[in-house]
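Q: If it helps, the file is called input.cif and holds mmCIF, C-alpha atoms and all ligand atoms:
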data_data
#
loop_
_atom_site.label_atom_id
_atom_site.label_comp_id
_atom_site.auth_asym_id
_atom_site.auth_seq_id
_atom_site.Cartn_x
_atom_site.Cartn_y
_atom_site.Cartn_z
CA MET W 1 124.19 81.23 113.13
CA HIS W 2 123.43 77.51 113.51
CA ARG W 3 122.77 75.42 110.43
CA LEU W 4 119.49 73.62 110.44
CA GLN W 5 118.67 70.35 108.80
CA PRO W 6 115.59 71.07 106.65
CA PRO W 7 112.64 68.76 107.40
CA PRO W 8 111.79 65.85 105.08
CA HIS W 9 109.89 66.92 101.94
CA PHE W 10 111.86 70.19 101.87
CA ARG W 11 113.93 70.90 98.78
CA VAL W 12 116.35 73.77 99.26
CA ALA W 13 117.64 74.79 95.81
CA PRO W 14 121.39 74.11 95.51
CA HIS W 15 122.30 77.76 94.89
CA VAL W 16 120.30 78.80 97.95
CA ALA W 17 121.88 76.10 100.12
CA ARG W 18 125.31 77.21 98.90
CA ALA W 19 124.63 80.89 99.66
CA LEU W 20 123.40 79.97 103.14
CA SER W 21 126.38 77.77 103.90
CA LEU W 22 128.71 80.62 102.89
CA HIS W 23 126.71 83.09 105.04
CA MET W 24 125.87 85.11 101.96
CA PRO W 25 122.71 87.28 101.96
CA VAL W 26 119.50 85.41 101.06
CA VAL W 27 115.96 86.82 100.85
CA ALA W 28 112.91 84.54 101.02
CA LEU W 29 109.77 85.41 99.02
CA GLU W 30 106.21 84.18 99.49
CA SER W 31 104.05 82.75 96.72
CA THR W 32 100.41 83.28 97.74
CA VAL W 33 100.87 86.61 96.03
CA ILE W 34 101.58 84.57 92.86
CA THR W 35 98.79 81.99 93.24
CA HIS W 36 96.05 84.12 94.84
CA GLY W 37 97.13 87.75 95.08
CA LEU W 38 97.77 88.89 91.52
CA PRO W 39 96.04 88.21 88.19
CA ARG W 40 97.88 86.40 85.39
CA PRO W 41 100.24 87.28 83.75
CA ASP W 42 101.25 89.97 86.28
CA ASN W 43 101.79 87.24 88.87
CA LEU W 44 104.66 85.54 87.03
CA SER W 45 106.29 88.76 85.79
CA LEU W 46 106.15 90.18 89.32
CA ALA W 47 107.75 87.02 90.72
CA HIS W 48 110.62 87.42 88.24
CA ASP W 49 110.91 91.15 88.89
CA MET W 50 111.22 90.59 92.64
CA GLU W 51 113.92 87.97 92.13
CA THR W 52 115.84 90.22 89.73
CA THR W 53 115.56 93.14 92.14
CA ILE W 54 117.06 91.02 94.92
CA GLN W 55 119.88 89.79 92.67
CA ASN W 56 120.65 93.35 91.58
CA GLY W 57 120.74 94.25 95.26
CA GLY W 58 123.49 91.68 95.84
CA ALA W 59 121.43 88.94 97.51
CA THR W 60 120.11 85.52 96.52
CA PRO W 61 116.30 85.26 96.16
CA ALA W 62 114.53 82.13 97.43
CA THR W 63 110.86 82.01 96.47
CA VAL W 64 109.04 79.42 98.57
CA GLY W 65 106.20 77.27 97.25
CA VAL W 66 104.75 73.77 97.36
CA LEU W 67 104.79 71.64 94.20
CA ASN W 68 103.33 68.13 94.26
CA GLY W 69 103.86 67.86 98.00
CA LYS W 70 107.46 69.14 97.99
CA VAL W 71 108.19 72.33 99.91
CA ILE W 72 110.62 74.12 97.62
CA VAL W 73 112.85 76.88 98.98
CA GLY W 74 114.18 78.62 95.89
CA LEU W 75 111.83 77.79 93.02
CA ASN W 76 113.58 77.75 89.63
CA ASP W 77 112.07 79.37 86.53
CA ALA W 78 110.18 76.26 85.41
CA GLU W 79 108.83 75.72 88.93
CA LEU W 80 107.75 79.36 89.25
CA GLN W 81 105.93 79.03 85.96
CA ALA W 82 104.26 75.79 87.05
CA LEU W 83 103.05 77.46 90.24
CA ALA W 84 101.85 80.62 88.48
CA ASN W 85 99.84 78.54 86.00
CA ALA W 86 98.62 75.79 88.35
CA SER W 87 94.88 75.16 88.26
CA SER W 88 93.22 75.66 91.68
CA PRO W 89 96.44 75.91 93.68
CA ARG W 90 96.05 75.77 97.46
CA LYS W 91 96.70 78.74 99.74
CA ILE W 92 99.20 77.19 102.13
CA SER W 93 99.50 78.67 105.59
CA ALA W 94 101.33 76.98 108.47
CA ARG W 95 98.45 74.60 109.22
CA ASP W 96 98.22 73.53 105.58
CA PHE W 97 101.74 72.07 105.06
CA GLY W 98 101.00 68.65 106.54
CA PRO W 99 97.92 68.02 104.38
CA ALA W 100 99.62 69.50 101.27
CA ILE W 101 102.70 67.28 101.70
CA ALA W 102 100.73 64.12 102.42
CA GLN W 103 98.33 64.73 99.54
CA LYS W 104 101.07 65.82 97.10
CA ALA W 105 99.30 69.11 96.50
CA THR W 106 100.51 72.32 94.88
CA GLY W 107 100.07 75.80 96.29
CA GLY W 108 101.41 79.20 97.23
CA THR W 109 102.73 79.81 100.73
CA THR W 110 101.33 82.69 102.78
CA VAL W 111 103.43 84.89 105.04
CA ALA W 112 102.89 82.38 107.86
CA GLY W 113 103.81 79.43 105.64
CA THR W 114 106.83 81.18 104.16
CA LEU W 115 108.06 82.22 107.62
CA LEU W 116 107.99 78.61 108.76
CA ALA W 117 109.85 77.41 105.66
CA ALA W 118 112.41 80.23 105.78
CA HIS W 119 113.12 79.57 109.45
CA ARG W 120 113.57 75.83 108.90
CA ALA W 121 115.90 76.51 105.96
CA GLY W 122 117.99 79.03 107.94
CA ILE W 123 116.94 82.18 106.02
CA ARG W 124 116.80 85.38 108.11
CA VAL W 125 115.21 87.93 105.74
CA PHE W 126 111.88 87.74 103.92
CA ALA W 127 110.15 90.26 101.63
CA THR W 128 106.41 90.40 101.05
CA GLY W 129 103.70 92.92 100.18
CA GLY W 130 101.57 93.17 103.28
CA ILE W 131 101.08 90.83 106.20
CA GLY W 132 97.73 89.42 107.26
CA GLY W 133 96.29 90.53 110.58
CA VAL W 134 93.05 91.10 112.43
CA HIS W 135 90.12 91.33 110.05
CA ARG W 136 87.57 94.12 110.48
CA TRP W 137 84.77 91.61 110.23
CA PRO W 138 84.45 89.11 111.76
CA PRO W 139 87.05 90.29 114.31
CA TYR W 140 87.83 86.71 115.35
CA ASP W 141 89.29 86.11 111.89
CA VAL W 142 92.93 86.67 112.83
CA SER W 143 95.54 85.70 110.26
CA ALA W 144 97.96 82.93 111.15
CA ASP W 145 100.60 85.42 109.97
CA LEU W 146 100.49 87.05 113.42
CA PRO W 147 101.36 84.02 115.59
CA ALA W 148 103.87 82.98 112.92
CA LEU W 149 105.62 86.32 113.43
CA ALA W 150 105.80 85.47 117.12
CA TRP W 151 107.48 82.12 116.44
CA HIS W 152 110.00 82.65 113.65
CA PRO W 153 113.10 84.85 114.07
CA VAL W 154 113.12 86.38 110.59
CA ILE W 155 113.19 90.01 109.44
CA VAL W 156 109.97 90.54 107.45
CA VAL W 157 109.96 93.49 105.08
CA CYS W 158 106.47 94.67 104.09
CA ALA W 159 104.32 97.75 103.45
CA GLY W 160 102.45 97.22 106.71
CA ALA W 161 99.40 95.05 107.05
CA LYS W 162 96.87 94.80 104.25
CA ALA W 163 94.61 97.86 104.29
CA ILE W 164 91.46 95.73 104.30
CA LEU W 165 92.29 94.81 107.92
CA ASP W 166 91.73 96.46 111.28
CA LEU W 167 95.12 98.18 111.45
CA PRO W 168 95.00 99.42 115.08
CA ALA W 169 94.00 95.92 116.29
CA THR W 170 96.74 94.35 114.15
CA LEU W 171 99.37 96.67 115.67
CA GLU W 172 98.13 95.85 119.17
CA MET W 173 98.42 92.14 118.51
CA LEU W 174 101.96 92.55 117.17
CA GLU W 175 102.79 94.15 120.50
CA THR W 176 101.14 91.23 122.34
CA PHE W 177 103.36 88.84 120.37
CA SER W 178 106.49 90.92 121.12
CA VAL W 179 107.21 91.65 117.48
CA PRO W 180 109.16 94.91 117.06
CA VAL W 181 107.53 97.01 114.32
CA VAL W 182 110.20 99.18 112.75
CA GLY W 183 109.25 102.00 110.37
CA TYR W 184 111.84 102.14 107.60
CA GLN W 185 112.69 105.82 107.15
CA THR W 186 109.23 106.66 108.45
CA GLU W 187 107.42 107.10 111.74
CA GLU W 188 104.04 106.31 110.19
CA PHE W 189 102.63 102.78 109.95
CA PRO W 190 101.90 102.49 106.21
CA ALA W 191 98.51 101.21 105.03
CA PHE W 192 99.80 98.97 102.22
CA TYR W 193 98.50 100.98 99.24
CA SER W 194 98.91 104.32 101.06
CA ARG W 195 101.88 105.90 102.77
CA GLU W 196 99.74 107.14 105.63
CA SER W 197 97.36 105.45 108.07
CA GLY W 198 97.22 107.92 110.95
CA LEU W 199 99.00 105.31 113.11
CA LYS W 200 102.55 105.60 114.38
CA THR W 201 105.16 102.84 114.35
CA PRO W 202 106.61 102.07 117.78
CA HIS W 203 110.18 102.13 116.39
CA HIS W 204 111.98 103.40 113.33
CA ALA W 205 115.28 102.96 111.54
CA HIS W 206 117.14 105.18 109.09
CA SER W 207 119.13 102.52 107.28
CA ALA W 208 119.44 98.82 106.48
CA ALA W 209 122.42 98.64 108.85
CA GLU W 210 120.26 99.99 111.68
CA VAL W 211 117.59 97.36 110.98
CA ALA W 212 120.26 94.62 111.06
CA ASP W 213 121.56 95.96 114.40
CA ILE W 214 118.04 96.00 115.85
CA ALA W 215 117.42 92.40 114.76
CA LYS W 216 120.77 91.18 116.12
CA ALA W 217 120.11 92.87 119.46
CA HIS W 218 116.56 91.46 119.57
CA TRP W 219 117.69 87.90 118.89
CA ALA W 220 120.71 88.18 121.19
CA LEU W 221 118.18 88.42 124.03
CA GLY W 222 116.97 84.96 123.13
CA MET W 223 113.79 86.30 121.56
CA GLU W 224 112.35 84.00 118.91
CA SER W 225 110.01 86.52 117.31
CA ALA W 226 110.30 88.22 113.94
CA VAL W 227 111.27 91.83 113.36
CA LEU W 228 108.66 93.53 111.19
CA VAL W 229 110.07 96.26 108.95
CA VAL W 230 107.40 98.46 107.44
CA VAL W 231 108.27 100.39 104.27
CA PRO W 232 105.87 102.97 102.77
CA PRO W 233 104.86 102.24 99.16
CA PRO W 234 106.83 104.38 96.64
CA SER W 235 105.28 107.86 96.25
CA SER W 236 104.98 107.39 92.48
CA ALA W 237 102.45 104.54 92.92
CA ALA W 238 100.97 105.10 96.39
CA MET W 239 97.26 105.95 96.65
CA PRO W 240 95.49 108.48 98.88
CA TYR W 241 94.17 106.79 102.02
CA ASP W 242 90.59 108.07 101.62
CA GLU W 243 90.29 106.79 98.07
CA VAL W 244 91.37 103.28 99.08
CA GLU W 245 89.17 103.33 102.16
CA ALA W 246 86.02 104.02 100.09
CA ALA W 247 86.75 100.99 97.89
CA ILE W 248 87.49 98.84 100.94
CA GLN W 249 84.17 99.76 102.55
CA GLN W 250 82.32 98.68 99.43
CA ALA W 251 84.32 95.44 99.07
CA LEU W 252 83.66 94.58 102.72
CA GLN W 253 79.92 95.09 102.22
CA GLU W 254 79.92 92.85 99.17
CA ALA W 255 81.89 90.15 100.98
CA GLU W 256 79.32 90.16 103.74
CA GLN W 257 76.39 89.99 101.31
CA ARG W 258 78.01 87.10 99.46
CA GLY W 259 78.98 85.30 102.65
CA ILE W 260 82.70 85.24 101.80
CA ARG W 261 84.63 84.20 104.88
CA GLY W 262 87.82 82.52 106.05
CA GLN W 263 90.61 81.74 103.60
CA ALA W 264 88.72 83.22 100.67
CA SER W 265 88.26 86.57 102.39
CA THR W 266 91.67 88.22 101.80
CA PRO W 267 91.98 87.25 98.09
CA PHE W 268 88.38 88.37 97.43
CA LEU W 269 88.79 91.74 99.15
CA LEU W 270 92.12 92.51 97.48
CA SER W 271 90.89 91.70 93.98
CA ARG W 272 87.63 93.60 94.49
CA VAL W 273 89.50 96.69 95.75
CA SER W 274 91.71 96.40 92.67
CA GLU W 275 88.65 96.38 90.37
CA LEU W 276 86.96 99.25 92.22
CA THR W 277 90.00 101.51 92.05
CA GLY W 278 90.46 101.04 88.32
CA HIS W 279 93.56 98.95 88.95
CA ALA W 280 95.45 101.79 90.63
CA SER W 281 95.74 99.54 93.67
CA LEU W 282 97.19 96.76 91.50
CA GLU W 283 99.86 99.19 90.29
CA ALA W 284 100.57 100.22 93.88
CA ASN W 285 100.76 96.55 94.91
CA LEU W 286 103.31 95.74 92.17
CA ALA W 287 105.42 98.81 92.95
CA LEU W 288 105.54 98.19 96.69
CA LEU W 289 106.42 94.51 96.24
CA LYS W 290 109.46 95.42 94.13
CA ASN W 291 110.43 98.21 96.51
CA ASN W 292 110.23 95.85 99.49
CA ALA W 293 112.43 93.35 97.64
CA ALA W 294 115.08 96.07 97.14
CA VAL W 295 115.00 97.08 100.81
CA ALA W 296 115.12 93.44 101.93
CA ALA W 297 118.23 92.80 99.80
CA GLN W 298 120.00 95.73 101.50
CA ILE W 299 119.00 94.45 104.93
CA ALA W 300 120.16 90.91 104.09
CA ARG W 301 123.53 92.31 103.04
CA ALA W 302 123.81 94.36 106.22
CA LEU W 303 122.90 91.31 108.31
CA ALA W 304 125.44 89.12 106.50
CA SER W 305 128.34 91.55 106.66
CA PRO W 306 130.65 91.25 109.65
CA PRO W 307 131.17 94.31 111.86
CA ALA W 308 133.59 96.82 110.30
CA ASN W 309 136.40 96.09 112.78
CA VAL W 310 136.48 92.33 112.17
CA PHE W 311 139.04 91.01 109.66
CA ILE W 312 138.50 87.68 107.95
N1 LIG O 401 99.06 89.36 98.95
C1 LIG O 401 98.02 89.40 98.12
N2 LIG O 401 97.03 88.47 98.31
C2 LIG O 401 97.08 87.55 99.28
C3 LIG O 401 98.17 87.54 100.15
C4 LIG O 401 99.13 88.46 99.92
O1 LIG O 401 97.96 90.28 97.24
O2 LIG O 401 96.17 86.72 99.37
C5 LIG O 401 98.27 86.55 101.24
C6 LIG O 401 99.57 86.70 102.03
O3 LIG O 401 100.36 85.60 101.69
C7 LIG O 401 99.13 86.67 103.48
C8 LIG O 401 97.78 86.08 103.38
O4 LIG O 401 100.01 85.91 104.24
O5 LIG O 401 97.26 86.62 102.20
C9 LIG O 401 96.90 86.36 104.56
O6 LIG O 401 95.72 85.63 104.41
P1 LIG O 401 94.79 85.33 105.67
O7 LIG O 401 94.20 86.67 106.01
O8 LIG O 401 93.77 84.33 105.17
O9 LIG O 401 95.70 84.76 106.72
MN MN O 402 91.71 84.36 108.00
#
What do you get writing this file as structure tokens?
A:
Amino acid sequence: MHRLQPPPHFRVAPHVARALSLHMPVVALESTVITHGLPRPDNLSLAHDMETTIQNGGATPATVGVLNGKVIVGLNDAELQALANASSPRKISARDFGPAIAQKATGGTTVAGTLLAAHRAGIRVFATGGIGGVHRWPPYDVSADLPALAWHPVIVVCAGAKAILDLPATLEMLETFSVPVVGYQTEEFPAFYSRESGLKTPHHAHSAAEVADIAKAHWALGMESAVLVVVPPPSSAAMPYDEVEAAIQQALQEAEQRGIRGQASTPFLLSRVSELTGHASLEANLALLKNNAAVAAQIARALASPPANVFI
């Protein structure tokens, strides 16, 4: 694995840089979920819980975020707190880094933004809740997460794409971008809050080691795309598909009436669905984020470990 020189304005935390230089397992985490996805104080406690889960799983967490124009890979506790409590933080996708750096802004990085930062820092595994994708309406609103998955060779562990999206169209576009979608111990493409969606995953894996083998084989071909690992939300917190879908339909209608579009769309829809489901979806969101962190730590360890017949 070649070592990359991080771009100017990047700050890779010393413990993360050390883990990377020793080829120890590292898992990147996004921060739009902290700044825009979850209400306070759940946002900060969730950020800590994900980091602890990754540490307990034997890997080093590296939460990515932008503070005063610095792209930080591996936010420390004080920095996480500053981000969680920032007033009007930006939602920073790939296109937003340049302006945020130049204007010394603060914000949470989306899946697309975190993928870019992880790739530049040399991190190969990233855990998130759900990726962005093709919106149901307007259908030309396609998240920058999708092309970012085409460009950055990172294993992304998620619970599928966010249920508010057009899931069949999102899966099609992942195929267009040559991103393998691997069901983790499932053949069903999960619908974020629900274990079922009625859609199948094109591939599946039984173990973290199998995911690592798939990614190594994919990248050995010279492919530059991500490997998307989809993990169903834990049964204890998952919601029935029909119940979520009813709330989504209503949230979509309200978004249209209120003219909510573009960057504001995903945060609005997710928080409205959370209100409409009596916060059951918030519970599911928190549970799946922690579960994805645990799976990502296992995958990072499998990816870091040398083959069994190699002695060092
Ligand atoms: N999780 C949430 N809320 C969010 C997001 C995640 O609970 O807002 C973010 C993710 O970071 C994802 C982004 O990358 O939403 C997608 O937004 P858009 O559809 O605008 O690309
Ligand atoms: Mn969008």
Q: Please identify every polymer residue within 12 Å of ligand MN 402 (chain O), using only C-alpha atoms and all ligand atoms, and present the set as a ChimeraX atom specification.
A: /W:91-93,95,110,112,131-146,164-165,260-269
Q: Given the selection you just returned, output its residues as a file containing C-alpha atoms, formatted as a compact mmCIF listing (two decimals), keeping the file's coordinate frame.
A:
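Once written, result37.txt looks like this:
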# COMPACT_ATOMS: atom_id res chain seq x y z
CA LYS W 91 96.70 78.74 99.74
CA ILE W 92 99.20 77.19 102.13
CA SER W 93 99.50 78.67 105.59
CA ARG W 95 98.45 74.60 109.22
CA THR W 110 101.33 82.69 102.78
CA ALA W 112 102.89 82.38 107.86
CA ILE W 131 101.08 90.83 106.20
CA GLY W 132 97.73 89.42 107.26
CA GLY W 133 96.29 90.53 110.58
CA VAL W 134 93.05 91.10 112.43
CA HIS W 135 90.12 91.33 110.05
CA ARG W 136 87.57 94.12 110.48
CA TRP W 137 84.77 91.61 110.23
CA PRO W 138 84.45 89.11 111.76
CA PRO W 139 87.05 90.29 114.31
CA TYR W 140 87.83 86.71 115.35
CA ASP W 141 89.29 86.11 111.89
CA VAL W 142 92.93 86.67 112.83
CA SER W 143 95.54 85.70 110.26
CA ALA W 144 97.96 82.93 111.15
CA ASP W 145 100.60 85.42 109.97
CA LEU W 146 100.49 87.05 113.42
CA ILE W 164 91.46 95.73 104.30
CA LEU W 165 92.29 94.81 107.92
CA ILE W 260 82.70 85.24 101.80
CA ARG W 261 84.63 84.20 104.88
CA GLY W 262 87.82 82.52 106.05
CA GLN W 263 90.61 81.74 103.60
CA ALA W 264 88.72 83.22 100.67
CA SER W 265 88.26 86.57 102.39
CA THR W 266 91.67 88.22 101.80
CA PRO W 267 91.98 87.25 98.09
CA PHE W 268 88.38 88.37 97.43
CA LEU W 269 88.79 91.74 99.15
Q: I'd like the interatomic distance between atom CA of W:Asn285 and atom O9 of ligand LIG 401 (chain O), to a tenth of an Å.
A: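 The value is 17.4 Å.
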Q: Please determine, counting all atoms listed in the file, which residue among W:Leu149, W:Ile72, W:Leu270, W:Ala217 has the shortest atom-to-atom distance to ligand LIG 401 (chain O).
A: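 Checking each candidate against ligand LIG 401 (chain O), we get W:Leu270 as the closest.
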Q: Out of W:Ser305, W:Leu29, W:Ala293, W:Gly98, which residue has the shortest atom-to-atom distance to W:Gln55 when counting only C-alpha atoms?
A: W:Ala293
Q: Tell me, in Å to one decimal, how far atom CA of W:Gly222 is from atom CA of W:Val154.
A: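 It comes out at 13.2 Å.
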